[in-house]
Amino acid sequence: MNFLLAEMLFEDKRYGAASDEYERTAYGYPRHAKSAEAGYAALLAYSRQEKGLQGTELSNVQQRAIDSSLRFAGAHPADARTPGVLTNTAERLYALHEYARAATVAQRVLEIKPPVPADMRRTAWTVIAHTEFDRGAYDRAEVAYQQVLTLTDVKAATRAALTERLAASVYKQGEQARKNNQQREAVGHFLRVALVAPAAAIRATAEYDAAAVLIALKDWSAAAGVLEAFRRNYPKHALQAEIPGKLAVCYLEGGQPLKAATEFEAMASGGKDVKFSREALWQAAELYEKAGHEKNAVAAYERYVKQHPSPLESAIEARYRLATYSKKSGQPARHLAWTREIVEADRKGGRERTDRTRYLGAISSLVLVEPQEESYRQVRLVEPLKKNLKVKKERMQALLDAYGQVSDYGVAEVATAAAYRTAELYTDFSRALIGSQRPKGLSPDELEQYNVLLEEQAYPFEEKAIEVHEINARRVSNGVYDQWVKNSFAALSKLRPVRYAKAEKGEGVIRALR
């Protein structure tokens with residue numbers, strides 16, 4: 001009679017009252033033939049009742065329905081409808097964010113013997129997987145998602161989303177390990193994403209994070225390998241812009257300067273920050289030098305000069321290195337061209353000039369004088385003597401002016417060189433006069449008189465040479481004693497042996513006084 005009352009109430013759409021009477025029929029009497037029927041009917045009544053409710057009322061009915069479902073399953077474990085009831089209850093509990101109860105009910109579904117159908121097991125594993133993931137138990141979530149995928153058809157629409165969740169559960173384990181300072185374990189989890197879910201969207205991020213952790217561990221070789229794979233596998237990924245910088249660090253620290261240089265050059269090409277690009281290109285050039293790849297270094301320095309004329313000091317330094325390479329590789333024309341650029345750039349540098357730019361300008365100016373000196377020495381004092389003497393004098397004067405300009409830089413090392421060469425120039429001219437070709441047809445007396453006149457003409461130049469050498473030698477009192485000062489002492493010991501032949505002893509005294 002109680003069951004019939006419940007049925008009538010259900011037919012009259014009085015579902016709340018019907019569910020009460022069904023439950024009374026199912027559980028308020030000793031077990032009878034209608035117990036299971038009434039218990040299940042109560043669940044149907046709750047389901048109909050929920051459709052018209054909202055807010056607190058709906059929540060209350062949902063809780064009552066869940067309690068009723070669990071009561072039904074407990075009272076009738078062998079009933080064919082129990083697996084379905086438990087499965088549905090697990091889903092509902094998860095939807096209500098009651099994760100612990102949801103996982104417990106889902107586990108009951110999996111423990112039913114014989115096993116429930118595949119679709120119910122898939123649902124139960126899904127609830128467990130989601131629940132464990134939401135609770136942060138990512139290792140258990142991974143196991144559960146693996147089970148879900150095993151029970152999911154390869155063509156199912158849900159498979160892709162489930163795979164992403166599996167990948168995320170592995171990735172999250174990596175994050176946890178990293179947070180707990182278990183860096184090697186973190187790397188293992190990050191790289192494992194590719195194994196469990198090769199097509200997952202999060203795979204790229206996981207591998208990038210693995211590289212970052214390896215860099216922090218200073219495992220340069222392993223980090224470089226991961227980054228190289230990232231570059232190959234994800235050419236359009238947003239993080240590609242970060243790869244050259246990280247690879248450069250790995251190669252640099254791992255003792256691979258050539259590879260590092262390539263990465264720095266790539267950064268210089270792609271950077272929007274001018275300062276960053278400039279520094280990256282300079283680093284690339286220096287690393288090419290270190291790796292012994294002079295051709296690449298030259299190309300990088302040439303590019304640097306073209307793209308970054310400022311700051312002046314670095315631009316002049318780049319030209320100086322290019323000049324050095326040109327000389328080393330037997331390209332005199334290019335060597336002189338770069339040398340001229342150094343002098344010109346420093347001359348026009350204005351306030352950007354530094355001690356370094358002046359120094360490079362000075363030594364480059366000294367280099368530019370060399371062709372003039374060669375031109376001077378090519379003039380021999382032979383017939384027509386008057387013409388050649390005039391040319392040689394003019395070239396000597398031009399050379400003296402050039403050495404004077406070099407000295408004006410105020411760079412001690414260059415000033416001493418210019419002074420020594422100036423003195424040697426006077427000496428050379430003096431000797432050239434003495435050794436000049438004698439006019440033909442002179443008698444012995446005329447020849448003797450001619451030689452006396454030549455010596456009188458040559459003597460002032462020798463005296464001038466001595467004077468300049470002495471000026472150079474006196475630089476010792478100012479603490480300057482470089483190779484050019486030594487050379488001046490050596491020259492003086494020959495030009496004025498009585499006074500300077502003991503220069504080496506003087507040097508020893510000077511050193512002792514220091």
# chains A, B, ... in the order shown; residues from 1 in each chain; ligands from 1
call {"tool": "residues_around", "arguments": {"residues": "A:Tyr376", "least_positions_apart": "6", "cutoff": "12 Å", "atoms": "only C-alpha atoms", "output": "ChimeraX atom specification"}}
result
/A:369-370,388-400,425-426,428-429,432
call {"tool": "atom_distance", "arguments": {"atom1": "atom CA of A:Thr126", "atom2": "atom CA of A:Val196"}}
result
17.2 Å
call {"tool": "closest_residue", "arguments": {"among": "A:Ser488, A:Thr158, A:Ser310, A:Thr339", "to": "A:Arg353", "atoms": "only C-alpha atoms"}}
result
A:Ser310
call {"tool": "residues_around", "arguments": {"residues": "A:Thr87", "least_positions_apart": "3", "cutoff": "7 Å", "atoms": "only C-alpha atoms", "output": "list in words"}}
result
Pro83, Gly84, Ala90, Glu91, Ala106, Val109, Met120, Thr123 and Ala124 of chain A
call {"tool": "residues_around", "arguments": {"residues": "stretch 357-364 of chain A", "least_positions_apart": "5", "cutoff": "8 Å", "atoms": "only C-alpha atoms", "output": "ChimeraX atom specification"}}
result
/A:312-313,316-317,320,339-340,342-343,346-347,406-407,409,411,414
